[in-house]
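**Q** Please find one structure pasted underneath; my questions will follow.
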Amino acid sequence: MNTRVIVGPRVKAFLQTLAPEPRRKLWRGLKALAQDKGDLKQLEGNLHPFWRLRADRMRVIYEPRSVAGERQLICFYADHRATVYAVLEQLLASGMVEELRVEG
C-alpha cells in the first residue's frame with residue numbers, strides 16, 4: 001500500500017517559526033515518516049487514536065487513515081515537547097481537534 005504524508009497548515013506554520021537547523025531536522029523526520037522510519041509512537045489515554053513523530057525536542061501529531069487503497073498520514077499539529085501534549089488535550093476537550101484534522 002502506498003503511503004502519503006499530508007502536512008497540514010498548522011504544522012507548516014510551526015515549521016516556519018523554527019530556526020534553519022531544527023526546521024531541517026523536522027522536515028527530515030516528516031520525509032522518513034512515509035517509510036515508517038523515525039521515532040514513532042502511538043499515544044495513550046484520550047489521545048490513543050493519534051501517533052507522534054519525535055524530532056529532537058519537537059513533536060508532530062498525526063493520524064493514520066486509509067483512503068481508496070492509499071495509506072495517508074495526516075500531520076495536523078506540531079509543537080515543542082514541553083507544550084504539545086497539554087495543548088492537544090485541551091484541543092481534544094474543546095472539540096477543536098476535529099477542525100485541525102480536516103484542515104489538511
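Residue numbering restarts at 1 in every chain; chains get A, B, ... in the order shown in the C-alpha cells, and ligands count up from 1 in that same order.
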Near Thr83 of chain A, counting only C-alpha atoms, which residues have an atom at most 12 Å away, once you skip same-chain residues fewer than 5 positions from it, shown as a ChimeraX atom specification?
**A** /A:57-60,77-78,88-90
**Q** Using DSSP secondary structure from the backbone, list all helix (DSSP H, G or I) positions within chain A, as a count of residues only.
**A** 48
**Q** Grab the atom CA of Arg54 of chain A to atom CA of Ala82 of chain A distance for me, in Å with one decimal place.
**A** 12.4 Å
**Q** List the spatial neighbours of Arg28 of chain A as a ChimeraX atom specification - criterion: any atom at most 12 Å away, only C-alpha atoms, same-chain residues fewer than 2 positions off excluded.
**A** /A:15,21-26,30-35,37-39,53-56
**Q** Quick one: residues within 9 Å of Arg10 of chain A, only C-alpha atoms, excluding same-chain residues fewer than 3 positions away - as a PDB file with C-alpha atoms, in the first residue's frame?
**A**
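Result file is selection_3.pdb:
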ATOM      1  CA  VAL A   7       1.418  18.141   6.206  1.00  0.00           C
ATOM      2  CA  ALA A  13       3.173  27.337  10.236  1.00  0.00           C
ATOM      3  CA  PHE A  14       5.147  25.767  13.094  1.00  0.00           C
ATOM      4  CA  LEU A  15       7.957  24.863  10.699  1.00  0.00           C
ATOM      5  CA  CYS A  75       0.103  15.564  10.245  1.00  0.00           C
ATOM      6  CA  PHE A  76      -2.173  18.125  11.863  1.00  0.00           C
ATOM      7  CA  TYR A  77      -0.338  19.559  14.871  1.00  0.00           C
ATOM      8  CA  ALA A  78       3.276  20.257  15.847  1.00  0.00           C
ATOM      9  CA  LEU A 100      -7.393  20.614  12.852  1.00  0.00           C
ATOM     10  CA  GLU A 103      -7.739  21.377   7.656  1.00  0.00           C
ATOM     11  CA  GLY A 104      -5.160  19.176   5.944  1.00  0.00           C
TER      12      GLY A 104
END
**Q** Can you tell me, as a PDB file with N, CA and C atoms, in the first residue's frame, what residues are no more than 7 Å from Tyr62 of chain A when counting only C-alpha atoms, ignoring any on the same chain fewer than 3 positions away?
**A**
ATOM      1  N   PHE A  50      -4.165   8.838  17.989  1.00  0.00           N
ATOM      2  CA  PHE A  50      -3.127   9.581  17.301  1.00  0.00           C
ATOM      3  C   PHE A  50      -1.748   8.991  17.557  1.00  0.00           C
ATOM      4  N   TRP A  51      -0.832   9.349  16.679  1.00  0.00           N
ATOM      5  CA  TRP A  51       0.569   8.954  16.796  1.00  0.00           C
ATOM      6  C   TRP A  51       1.402  10.221  16.849  1.00  0.00           C
ATOM      7  N   ARG A  52       2.651  10.051  17.296  1.00  0.00           N
ATOM      8  CA  ARG A  52       3.548  11.203  17.289  1.00  0.00           C
ATOM      9  C   ARG A  52       4.876  10.813  16.646  1.00  0.00           C
ATOM     10  N   LEU A  73      -1.050   9.671   6.163  1.00  0.00           N
ATOM     11  CA  LEU A  73      -0.645  10.097   7.494  1.00  0.00           C
ATOM     12  C   LEU A  73      -0.890  11.602   7.568  1.00  0.00           C
ATOM     13  N   ILE A  74      -1.950  11.980   8.253  1.00  0.00           N
ATOM     14  CA  ILE A  74      -2.370  13.372   8.328  1.00  0.00           C
ATOM     15  C   ILE A  74      -1.659  14.040   9.503  1.00  0.00           C
ATOM     16  N   CYS A  75      -0.663  14.844   9.218  1.00  0.00           N
ATOM     17  CA  CYS A  75       0.103  15.564  10.245  1.00  0.00           C
ATOM     18  C   CYS A  75      -0.624  16.879  10.501  1.00  0.00           C
ATOM     19  N   PHE A  76      -1.296  16.970  11.653  1.00  0.00           N
ATOM     20  CA  PHE A  76      -2.173  18.125  11.863  1.00  0.00           C
ATOM     21  C   PHE A  76      -1.736  19.063  12.976  1.00  0.00           C
TER      22      PHE A  76
END
**Q** So how many Å separate atom CA of Ala93 of chain A and atom CA of His48 of chain A, to one decimal?
**A** 13.8 Å
**Q** Please, what distance in Å, to one decimal, runs between atom CA of Arg65 of chain A and atom CA of His80 of chain A?
**A**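 So the answer is 24.4 Å.
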**Q** Determine the nearest neighbour of Arg71 of chain A from the options A:Gly29, A:Val11, A:Glu44, A:Asp36, counting only C-alpha atoms.
**A** A:Asp36
**Q** How would you write, as a PyMOL selection string, the set of residues in segment 2-99 of chain A that DSSP gives as strand (DSSP E or B)?
**A** chain A and resi 2-7+39-42+51-55+58-67+70-80
**Q** Which is closest to Leu40 of chain A among A:Met1, A:Glu63, A:Val84, A:Glu98, if we use only C-alpha atoms?
**A** A:Glu63
